[in-house]
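Source file structure17.cif; content: mmCIF, C-alpha atoms and all ligand atoms.
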data_work
loop_
_atom_site.label_atom_id
_atom_site.label_comp_id
_atom_site.auth_asym_id
_atom_site.auth_seq_id
_atom_site.Cartn_x
_atom_site.Cartn_y
_atom_site.Cartn_z
CA MET A 1 -151.84 -85.52 61.84
CA PRO A 2 -151.30 -81.81 61.13
CA ASP A 3 -151.48 -80.86 57.45
CA ARG A 4 -147.91 -79.56 57.45
CA LEU A 5 -146.60 -83.07 58.20
CA ARG A 6 -149.02 -85.09 56.09
CA HIS A 7 -147.32 -84.99 52.70
CA ALA A 8 -144.34 -87.27 52.29
CA ASP A 9 -143.03 -85.16 49.38
CA ARG A 10 -142.69 -82.24 51.77
CA ALA A 11 -140.57 -84.17 54.24
CA LEU A 12 -136.87 -83.43 54.53
CA PRO A 13 -134.79 -86.51 53.67
CA SER A 14 -134.08 -87.34 57.32
CA PRO A 15 -134.46 -85.73 60.74
CA PHE A 16 -130.83 -86.71 61.33
CA PRO A 17 -128.50 -85.13 58.75
CA GLU A 18 -124.94 -86.40 59.05
CA GLY A 19 -122.51 -84.11 60.86
CA TRP A 20 -121.03 -82.78 64.06
CA TYR A 21 -123.51 -81.93 66.78
CA PHE A 22 -123.26 -80.21 70.13
CA VAL A 23 -123.41 -82.50 73.14
CA ALA A 24 -122.70 -80.38 76.23
CA GLY A 25 -120.46 -77.73 77.68
CA ARG A 26 -117.31 -79.10 79.33
CA ARG A 27 -118.21 -77.34 82.56
CA ASP A 28 -121.60 -79.05 82.64
CA VAL A 29 -119.97 -82.44 82.13
CA LEU A 30 -117.53 -81.81 84.98
CA LYS A 31 -120.27 -80.55 87.24
CA ALA A 32 -122.70 -83.41 86.60
CA LYS A 33 -119.92 -86.08 86.41
CA LEU A 34 -122.22 -88.23 84.23
CA ILE A 35 -124.79 -86.89 81.76
CA GLN A 36 -127.45 -88.93 79.99
CA LYS A 37 -129.39 -87.58 77.06
CA ILE A 38 -131.23 -88.44 73.90
CA TRP A 39 -129.08 -87.13 71.05
CA MET A 40 -129.58 -87.82 67.34
CA GLY A 41 -132.24 -90.41 68.17
CA GLU A 42 -129.88 -92.32 70.47
CA ASP A 43 -129.49 -92.67 74.22
CA ILE A 44 -126.00 -91.48 75.06
CA VAL A 45 -123.92 -90.87 78.16
CA VAL A 46 -121.14 -88.32 78.57
CA TRP A 47 -118.40 -88.27 81.17
CA CYS A 48 -114.86 -87.10 81.70
CA ASP A 49 -111.86 -89.02 83.04
CA ASP A 50 -109.20 -87.76 85.45
CA GLN A 51 -107.05 -86.52 82.54
CA GLY A 52 -109.89 -84.35 81.26
CA ARG A 53 -110.72 -86.60 78.28
CA ILE A 54 -114.43 -86.57 77.49
CA CYS A 55 -116.29 -89.62 76.24
CA VAL A 56 -119.59 -89.66 74.39
CA ALA A 57 -120.87 -93.24 74.27
CA GLU A 58 -123.98 -95.30 73.71
CA ALA A 59 -125.92 -95.64 76.95
CA TYR A 60 -126.36 -99.43 77.05
CA CYS A 61 -124.00 -101.94 78.56
CA PRO A 62 -122.68 -104.66 76.20
CA HIS A 63 -122.83 -107.20 79.06
CA LEU A 64 -126.56 -107.61 79.64
CA GLY A 65 -127.93 -104.34 78.38
CA SER A 66 -128.31 -102.17 81.47
CA PHE A 67 -128.91 -98.49 80.90
CA LEU A 68 -125.75 -96.56 81.78
CA GLY A 69 -127.21 -93.20 82.78
CA PRO A 70 -127.45 -91.82 86.30
CA ASP A 71 -131.21 -92.55 86.20
CA ALA A 72 -130.41 -96.27 86.40
CA GLY A 73 -127.71 -95.83 89.04
CA ALA A 74 -124.60 -95.75 86.81
CA SER A 75 -121.73 -93.65 88.11
CA VAL A 76 -118.21 -92.53 87.29
CA CYS A 77 -115.46 -93.76 89.56
CA ASP A 78 -111.77 -92.93 89.00
CA GLY A 79 -112.62 -91.75 85.51
CA ARG A 80 -114.38 -94.99 84.55
CA LEU A 81 -118.08 -95.44 83.84
CA VAL A 82 -119.42 -98.14 86.16
CA CYS A 83 -122.47 -100.16 85.13
CA PRO A 84 -125.11 -100.39 87.88
CA PHE A 85 -126.09 -103.99 87.06
CA HIS A 86 -122.90 -106.09 87.52
CA GLY A 87 -120.19 -103.46 87.87
CA TYR A 88 -118.40 -103.57 84.50
CA GLU A 89 -116.07 -100.55 84.25
CA PHE A 90 -115.46 -98.68 80.99
CA ASP A 91 -112.69 -96.21 80.19
CA VAL A 92 -113.10 -93.23 77.87
CA SER A 93 -112.15 -95.31 74.83
CA GLY A 94 -115.27 -97.40 75.56
CA GLN A 95 -113.25 -100.49 76.50
CA CYS A 96 -114.30 -102.56 79.50
CA MET A 97 -111.26 -102.51 81.81
CA ALA A 98 -112.51 -104.42 84.84
CA THR A 99 -115.37 -106.40 86.30
CA PRO A 100 -115.84 -107.20 90.01
CA PHE A 101 -115.50 -110.99 89.85
CA ALA A 102 -113.62 -111.98 86.70
CA PRO A 103 -111.22 -110.64 84.07
CA PRO A 104 -112.98 -108.25 81.66
CA PRO A 105 -114.05 -109.76 78.32
CA ARG A 106 -111.99 -108.13 75.53
CA SER A 107 -115.07 -107.83 73.36
CA ALA A 108 -116.96 -105.80 75.97
CA ARG A 109 -116.77 -102.39 74.46
CA LEU A 110 -119.09 -99.41 74.26
CA ARG A 111 -119.69 -97.75 70.93
CA VAL A 112 -118.25 -94.27 71.26
CA HIS A 113 -118.68 -91.18 69.11
CA GLU A 114 -115.64 -89.23 67.99
CA THR A 115 -115.55 -85.93 69.85
CA ARG A 116 -114.14 -82.49 69.24
CA GLU A 117 -114.01 -79.66 71.75
CA ILE A 118 -114.11 -76.00 70.73
CA SER A 119 -113.92 -73.19 73.30
CA GLY A 120 -115.36 -75.36 76.06
CA MET A 121 -118.12 -76.87 73.91
CA VAL A 122 -118.12 -80.61 73.26
CA PHE A 123 -119.24 -81.84 69.85
CA ALA A 124 -119.57 -85.38 68.57
CA TRP A 125 -119.76 -86.82 65.09
CA TRP A 126 -122.93 -88.62 64.04
CA GLY A 127 -122.55 -90.68 60.86
CA ILE A 128 -125.11 -92.61 58.84
CA ASN A 129 -124.91 -96.27 59.90
CA GLY A 130 -122.22 -95.27 62.39
CA ARG A 131 -119.69 -94.39 59.72
CA GLU A 132 -116.55 -92.42 60.56
CA PRO A 133 -116.29 -88.61 60.29
CA GLN A 134 -116.40 -87.57 56.65
CA TRP A 135 -115.12 -84.06 57.41
CA GLN A 136 -113.89 -82.05 60.37
CA LEU A 137 -114.89 -78.95 62.29
CA PRO A 138 -112.45 -76.01 61.91
CA ALA A 139 -108.95 -77.02 62.97
CA GLN A 140 -108.20 -73.77 64.82
CA ASP A 141 -110.02 -72.95 68.03
CA PRO A 142 -111.03 -69.29 68.25
CA GLU A 143 -108.47 -67.30 70.28
CA GLN A 144 -109.54 -67.05 73.92
CA THR A 145 -107.16 -64.34 75.12
CA GLY A 146 -109.02 -61.05 75.37
CA TRP A 147 -112.46 -62.70 75.44
CA CYS A 148 -114.84 -63.34 78.30
CA GLY A 149 -116.12 -66.84 79.08
CA ILE A 150 -118.85 -68.40 76.95
CA HIS A 151 -122.49 -68.32 77.98
CA ILE A 152 -124.70 -71.21 76.84
CA GLN A 153 -128.51 -71.29 76.80
CA THR A 154 -130.67 -73.92 75.15
CA LEU A 155 -134.14 -73.72 73.64
CA ARG A 156 -136.15 -76.84 72.79
CA PHE A 157 -138.88 -76.94 70.17
CA GLU A 158 -140.22 -78.99 67.26
CA GLY A 159 -137.92 -78.30 64.35
CA HIS A 160 -135.20 -79.41 61.97
CA PRO A 161 -131.55 -78.26 61.82
CA GLN A 162 -131.74 -77.57 58.07
CA GLU A 163 -134.63 -75.19 58.63
CA THR A 164 -132.96 -73.34 61.52
CA THR A 165 -129.63 -73.04 59.70
CA GLU A 166 -131.38 -71.73 56.58
CA ASN A 167 -131.91 -68.44 58.43
CA SER A 168 -128.16 -67.69 58.06
CA VAL A 169 -128.72 -67.02 54.37
CA ASP A 170 -132.30 -65.77 54.55
CA MET A 171 -131.68 -62.03 54.37
CA ALA A 172 -135.33 -61.00 54.02
CA HIS A 173 -136.28 -62.41 57.41
CA LEU A 174 -133.61 -60.29 59.09
CA ARG A 175 -135.59 -57.26 58.10
CA TYR A 176 -139.09 -58.63 58.33
CA VAL A 177 -138.92 -60.75 61.49
CA HIS A 178 -136.16 -59.04 63.45
CA GLY A 179 -136.62 -55.47 62.22
CA TYR A 180 -132.97 -54.98 61.25
CA HIS A 181 -132.33 -52.29 58.69
CA GLY A 182 -129.56 -51.57 56.24
CA VAL A 183 -129.20 -55.32 55.66
CA ASN A 184 -126.47 -55.74 53.12
CA ALA A 185 -125.12 -59.06 51.93
CA ASP A 186 -122.77 -57.91 49.20
CA ASN A 187 -120.72 -61.01 48.88
CA PRO A 188 -122.26 -64.15 47.56
CA VAL A 189 -122.40 -67.14 49.86
CA VAL A 190 -119.19 -69.17 49.65
CA VAL A 191 -119.49 -72.95 49.65
CA ASP A 192 -116.52 -75.26 49.97
CA GLY A 193 -117.56 -78.87 50.64
CA PRO A 194 -119.18 -78.97 54.10
CA TYR A 195 -118.26 -75.32 54.75
CA LEU A 196 -120.54 -72.40 53.95
CA GLU A 197 -119.76 -68.76 54.60
CA SER A 198 -122.21 -65.90 54.56
CA ARG A 199 -121.26 -62.25 55.24
CA PHE A 200 -123.63 -59.44 55.97
CA ASP A 201 -123.94 -56.01 57.58
CA PHE A 202 -126.99 -54.65 59.30
CA ARG A 203 -128.18 -52.04 61.76
CA ARG A 204 -130.60 -52.42 64.61
CA THR A 205 -132.25 -49.63 66.52
CA GLN A 206 -132.90 -50.33 70.12
CA SER A 207 -135.17 -48.45 72.42
CA ILE A 208 -133.32 -47.88 75.70
CA ALA A 209 -135.61 -47.73 78.73
CA GLY A 210 -138.37 -46.52 76.42
CA VAL A 211 -136.87 -43.05 76.13
CA ALA A 212 -134.05 -43.04 73.59
CA ASN A 213 -133.51 -44.92 70.37
CA VAL A 214 -129.95 -46.07 69.86
CA THR A 215 -128.71 -47.52 66.59
CA PHE A 216 -126.08 -50.25 66.58
CA GLU A 217 -124.12 -51.17 63.45
CA PHE A 218 -123.00 -54.72 62.92
CA SER A 219 -120.81 -56.63 60.50
CA ALA A 220 -121.07 -60.39 60.75
CA THR A 221 -119.69 -63.49 59.07
CA ALA A 222 -121.45 -66.81 59.54
CA HIS A 223 -119.24 -69.89 59.27
CA VAL A 224 -121.42 -72.95 58.85
CA TYR A 225 -119.96 -76.46 59.11
CA GLY A 226 -122.87 -78.75 58.45
CA LEU A 227 -126.27 -78.37 60.01
CA GLY A 228 -125.20 -78.65 63.66
CA TYR A 229 -122.53 -75.96 63.79
CA SER A 230 -123.02 -72.29 62.90
CA PHE A 231 -120.48 -69.81 64.19
CA VAL A 232 -121.07 -66.10 63.68
CA GLU A 233 -118.27 -63.68 64.40
CA GLY A 234 -118.50 -59.96 64.00
CA ARG A 235 -118.18 -56.46 65.32
CA GLU A 236 -120.52 -53.79 66.55
CA HIS A 237 -118.95 -50.62 65.16
CA SER A 238 -120.55 -47.76 67.06
CA ILE A 239 -119.13 -48.89 70.43
CA GLY A 240 -116.36 -51.09 69.06
CA VAL A 241 -117.24 -54.53 70.47
CA ASP A 242 -116.23 -57.85 68.95
CA PHE A 243 -118.70 -60.65 69.41
CA ARG A 244 -119.08 -64.35 68.73
CA LEU A 245 -122.29 -66.32 68.54
CA TRP A 246 -122.71 -70.01 68.03
CA VAL A 247 -126.07 -71.38 66.97
CA LEU A 248 -126.00 -75.13 67.54
CA ALA A 249 -128.99 -77.16 66.41
CA THR A 250 -129.12 -80.73 67.68
CA PRO A 251 -131.88 -83.18 66.78
CA ILE A 252 -133.17 -85.08 69.77
CA ASP A 253 -135.66 -87.70 68.70
CA GLY A 254 -136.65 -86.92 65.12
CA LYS A 255 -139.25 -84.36 66.13
CA TRP A 256 -137.74 -82.05 68.73
CA ILE A 257 -134.47 -80.21 68.52
CA ASP A 258 -132.30 -78.40 71.03
CA LEU A 259 -131.02 -75.07 69.82
CA SER A 260 -128.08 -74.00 71.94
CA LEU A 261 -127.14 -70.33 71.73
CA VAL A 262 -123.63 -69.54 72.84
CA THR A 263 -122.25 -66.03 73.21
CA GLN A 264 -118.80 -64.64 73.81
CA THR A 265 -117.71 -61.00 73.85
CA GLY A 266 -114.30 -59.42 73.36
CA GLN A 267 -112.77 -57.06 75.90
CA ILE A 268 -113.82 -53.44 75.51
CA ARG A 269 -110.89 -51.10 76.05
CA ASP A 270 -111.91 -47.70 74.72
CA PRO A 271 -115.58 -47.59 73.83
CA LYS A 272 -116.03 -45.38 70.76
CA ARG A 273 -119.41 -44.21 71.89
CA ARG A 274 -120.31 -43.06 75.37
CA VAL A 275 -122.35 -45.71 77.05
CA VAL A 276 -123.86 -44.66 80.35
CA GLY A 277 -122.00 -46.28 83.24
CA LEU A 278 -119.51 -48.17 81.06
CA GLY A 279 -116.64 -45.83 81.93
CA PHE A 280 -117.12 -46.55 85.64
CA LEU A 281 -116.92 -50.30 85.21
CA PRO A 282 -113.52 -51.96 85.54
CA ARG A 283 -112.38 -53.13 82.10
CA ASP A 284 -112.59 -56.80 82.97
CA ARG A 285 -116.28 -56.41 83.90
CA ARG A 286 -117.32 -54.76 80.64
CA ALA A 287 -117.15 -57.80 78.36
CA PRO A 288 -119.17 -60.07 80.72
CA LEU A 289 -121.80 -57.33 81.00
CA PHE A 290 -122.04 -56.99 77.22
CA ASN A 291 -122.06 -60.75 76.90
CA ALA A 292 -125.09 -60.94 79.19
CA LEU A 293 -126.80 -58.32 76.99
CA SER A 294 -125.77 -60.18 73.84
CA SER A 295 -127.25 -63.43 75.26
CA TYR A 296 -130.46 -61.63 76.09
CA PHE A 297 -130.83 -60.11 72.61
CA GLN A 298 -129.84 -63.31 70.86
CA ARG A 299 -132.45 -65.24 72.78
CA ARG A 300 -135.05 -62.58 72.06
CA ASP A 301 -134.28 -62.67 68.32
CA VAL A 302 -134.29 -66.45 68.20
CA MET A 303 -137.62 -66.63 70.01
CA GLN A 304 -139.02 -64.60 67.11
CA ASP A 305 -137.65 -67.28 64.77
CA VAL A 306 -138.95 -70.10 66.97
CA ALA A 307 -142.50 -68.78 66.61
CA ILE A 308 -142.10 -69.40 62.84
CA TRP A 309 -139.99 -72.59 62.93
CA ARG A 310 -142.16 -74.58 65.31
CA ARG A 311 -145.22 -74.33 63.07
CA LYS A 312 -143.75 -74.10 59.56
CA ARG A 313 -143.61 -76.94 57.08
CA TYR A 314 -140.70 -77.61 54.79
CA GLU A 315 -141.25 -76.10 51.37
CA PRO A 316 -139.24 -78.15 48.85
CA ARG A 317 -140.08 -75.88 45.90
CA PRO A 318 -139.96 -72.39 47.40
CA ARG A 319 -141.31 -69.57 45.24
CA LEU A 320 -138.45 -67.16 45.83
CA CYS A 321 -138.13 -63.48 45.08
CA ARG A 322 -135.09 -61.25 44.53
CA SER A 323 -134.72 -60.17 48.14
CA ASP A 324 -134.41 -63.72 49.46
CA GLY A 325 -130.64 -64.16 49.36
CA GLU A 326 -129.11 -67.45 48.39
CA ILE A 327 -131.56 -70.01 49.60
CA THR A 328 -131.20 -72.12 46.45
CA THR A 329 -127.42 -72.30 46.94
CA TYR A 330 -127.99 -73.27 50.56
CA ARG A 331 -130.44 -76.03 49.67
CA ALA A 332 -127.93 -77.51 47.21
CA TYR A 333 -125.22 -77.33 49.92
CA CYS A 334 -127.46 -79.25 52.35
CA GLU A 335 -127.87 -82.28 50.10
CA GLN A 336 -124.42 -83.62 51.01
CA PHE A 337 -125.58 -84.25 54.57
CA TYR A 338 -128.09 -86.87 53.48
CA PRO A 339 -125.92 -89.46 51.77
CA GLY A 340 -127.87 -92.17 49.98
CA PRO A 341 -127.33 -95.89 50.60
CA GLU A 342 -124.95 -96.14 47.61
CA GLU A 343 -122.63 -93.48 49.05
CA VAL A 344 -122.64 -94.96 52.52
CA LEU A 345 -121.85 -98.40 51.13
CA GLN A 346 -118.89 -97.12 49.12
CA LEU A 347 -116.74 -98.11 52.06
CA PRO A 348 -114.15 -100.85 51.77
CA ARG A 349 -115.83 -104.15 52.52
CA GLU A 350 -114.57 -104.71 56.07
CA GLU A 351 -115.16 -101.07 57.06
CA ALA A 352 -118.70 -101.21 55.77
CA GLY A 353 -119.19 -104.39 57.79
CA SER A 354 -117.86 -102.88 60.99
CA ALA A 355 -119.86 -99.69 60.38
CA ARG A 356 -123.00 -101.78 60.22
CA MET A 357 -122.05 -103.72 63.31
CA THR A 358 -121.29 -100.63 65.32
CA GLY A 359 -123.79 -98.42 63.58
CA GLY A 360 -126.52 -96.30 65.00
S1 LIG B 1 -125.36 -105.25 82.30
FE1 LIG B 1 -123.69 -103.96 82.70
S2 LIG B 1 -122.39 -105.11 83.93
FE2 LIG B 1 -124.04 -106.43 83.52
FE FE B 2 -133.53 -65.13 62.59
#
Go ahead and render the structure in this file as structure tokens.
Amino acid sequence: MPDRLRHADRALPSPFPEGWYFVAGRRDVLKAKLIQKIWMGEDIVVWCDDQGRICVAEAYCPHLGSFLGPDAGASVCDGRLVCPFHGYEFDVSGQCMATPFAPPPRSARLRVHETREISGMVFAWWGINGREPQWQLPAQDPEQTGWCGIHIQTLRFEGHPQETTENSVDMAHLRYVHGYHGVNADNPVVVDGPYLESRFDFRRTQSIAGVANVTFEFSATAHVYGLGYSFVEGREHSIGVDFRLWVLATPIDGKWIDLSLVTQTGQIRDPKRRVVGLGFLPRDRRAPLFNALSSYFQRRDVMQDVAIWRRKRYEPRPRLCRSDGEITTYRAYCEQFYPGPEEVLQLPREEAGSARMTGG
């Protein structure tokens, strides 16, 4: 076993902190019709009914245990998930609605995860012992008018969502790893229950085609809702482009995580700075072009982080210095996502019972 994993006192409390985690893009669900994946240590399936309602459910049939993914021959027919073994049909609430040869047993029900969709991204709640959502993602969806479509790309590596999210408050790495300059995080990190906000400005100088160095100036605000949802919104001032980035860490099996990077760019009407060729592009093509560039640079930056994340060990007692930002505040914020057995069992008696019965 590698040294970085050997010491139990260095382990984070769990590879599965409680929270909302990304499952898939709506478009991918519609395209595939039925998706199977390992998510938060569980086999799940995802599908959409004819009314556009998306279901995220456990991937095993309550009849005789067949796997319900396309790998085993399951399918979606008229919006219902059909088991490949004896044909039980499940609606998006998880209830069995029909079987081929007899009335459906009322108790035949899939365990489903509560879902929330934001800007075409589907998230589901994962609670300790299957307990209900303890908090919500932001109520308001970001405005879509005046923005191009989202672009999603996913990286997979050995890691932990607490470690990846920690980079939102780690100001020193912005300079040292990514080479940003003028990093300025004037305002302290704001914490309000499961919400954490971090604001910062920075500049990055980009070599264009190896001949000219161009400096871009950014202001950004990171809105973090638990360890699976980080949303960064901001503006690049020299051209005048609004941007959105989502960094969505999702544990797979306790060792690997998927890190989905989602970008969206606002329409560019009157660029403040001359950008070669931009003036010739129709306005509605500018934002998608910048979004493609934004995706490219985000991926490039995150690959620099991945080189560190995939081999680092968790340091429970970090020896911090003044330029580190608010890592201590962040660590204290994270503790709420690892509720102990006493907190989980503070449910009313019957709820605790049903949580255990339906738990995962
Ligand atoms: S195991 Fe699914 S219908 Fe029998
Ligand atoms: Fe980073």
Please report, as CSV, each residue of chain A lying at most 9 Å from ligand LIG 1 (chain B), together with the nearest pair of atoms and the separation in Å rounded to one decimal; use all atoms listed in the file, and order rows by chain and ascending residue number.
residue,atom,partner,partner_atom,distance
A:Tyr60,CA,B:LIG1,FE1,7.7
A:Cys61,CA,B:LIG1,FE1,4.6
A:Pro62,CA,B:LIG1,FE1,6.6
A:His63,CA,B:LIG1,S1,4.5
A:Leu64,CA,B:LIG1,S1,3.8
A:Gly65,CA,B:LIG1,S1,4.8
A:Ser66,CA,B:LIG1,S1,4.3
A:Phe67,CA,B:LIG1,S1,7.8
A:Leu68,CA,B:LIG1,FE1,7.7
A:Val82,CA,B:LIG1,S2,7.9
A:Cys83,CA,B:LIG1,FE1,4.7
A:Pro84,CA,B:LIG1,FE1,6.4
A:Phe85,CA,B:LIG1,FE2,4.8
A:His86,CA,B:LIG1,S2,3.8
A:Gly87,CA,B:LIG1,S2,4.8
A:Tyr88,CA,B:LIG1,S2,4.3
A:Glu89,CA,B:LIG1,S2,7.8
A:Thr99,CA,B:LIG1,S2,7.5
Next on the checklist: Could you list, as a list in words, all residues that come within 6 Å of ligand FE 2 (chain B)? Count only C-alpha atoms and all ligand atoms.
Outcome noted: Asn167, Leu174, Val302 and Asp305 of chain A
Item to check | Close residues, stretch 22-33 of chain A itself excluded, 7 Å, only C-alpha atoms, min 6 positions apart in chain, as a count of residues only | outcome: 12
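Here atom CA of A:Ser198 stands at a distance of 28.8 Å from atom CA of A:Arg286.
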Item to check | Pairwise distance for atom CA of A:Asp192 and atom CA of A:Glu114, rounded to one decimal in Å | outcome: 22.8 Å
Checklist entry - Quick one: distance from atom CA of A:Pro15 to atom CA of A:Lys255 in Å, one decimal? => result 7.3 Å
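Ranking A:Ile208, A:Ala108, A:Val189, A:Ile239 by their shortest atom-to-atom distance to A:Ile327, with only C-alpha atoms included, puts A:Val189 first.
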Checklist outcome for this item: Using only C-alpha atoms, the shortest atom-to-atom distance to A:Gly19 among A:Leu137, A:Ile268, A:Leu155, A:Val92 belongs to A:Leu137
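Shortest separation to A:Val214 among A:Ser238, A:Pro13, A:Phe231, A:Thr265 occurs at residue A:Ser238, atoms counted being all atoms listed in the file.
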Next on the checklist: Which residues are close to A:Leu289, i.e. within 12 Å by only C-alpha atoms, leaving aside same-chain residues fewer than 6 positions away? Reply as a VMD selection string.
Outcome noted: chain A and resid 148 to 149 151 241 263 to 268 277 to 278 281 to 283 295 to 296
Next on the checklist: Here is a test: counting all atoms listed in the file, which residue of A:Arg116, A:His223, A:Arg331, A:Arg300 is nearest to A:Val177?
Outcome noted: A:Arg300
Checklist entry - Which residue, A:Pro138, A:Gly41, A:Pro339, A:Gly94, has the smallest gap to A:Ala57 when you use all atoms listed in the file? => result A:Gly94
Checklist entry - Using all atoms listed in the file, which of the listed residues (A:Ser230, A:Thr329, A:Thr154, A:Gln134) sits closest to A:Met303? => result A:Thr154
Item to check | Expected answer as a PyMOL selection string: all residues with atoms within 12 Å of (-136.7, -67.1, 47.7), only C-alpha atoms | outcome: chain A and resi 166-167+169-173+315-331
Checklist entry - Which polymer residues, protein or nucleic acid, are no farther than 7 Å from (-123.9, -89.7, 60.1), counting only C-alpha atoms, as a PyMOL selection string? => result chain A and resi 17-19+126-131
Go ahead and save the picked residues with C-alpha atoms, as a compact mmCIF listing (two decimals), keeping the file's coordinate frame.
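Printed below is part.txt as written:
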# COMPACT_ATOMS: atom_id res chain seq x y z
CA PRO A 17 -128.50 -85.13 58.75
CA GLU A 18 -124.94 -86.40 59.05
CA GLY A 19 -122.51 -84.11 60.86
CA TRP A 126 -122.93 -88.62 64.04
CA GLY A 127 -122.55 -90.68 60.86
CA ILE A 128 -125.11 -92.61 58.84
CA ASN A 129 -124.91 -96.27 59.90
CA GLY A 130 -122.22 -95.27 62.39
CA ARG A 131 -119.69 -94.39 59.72
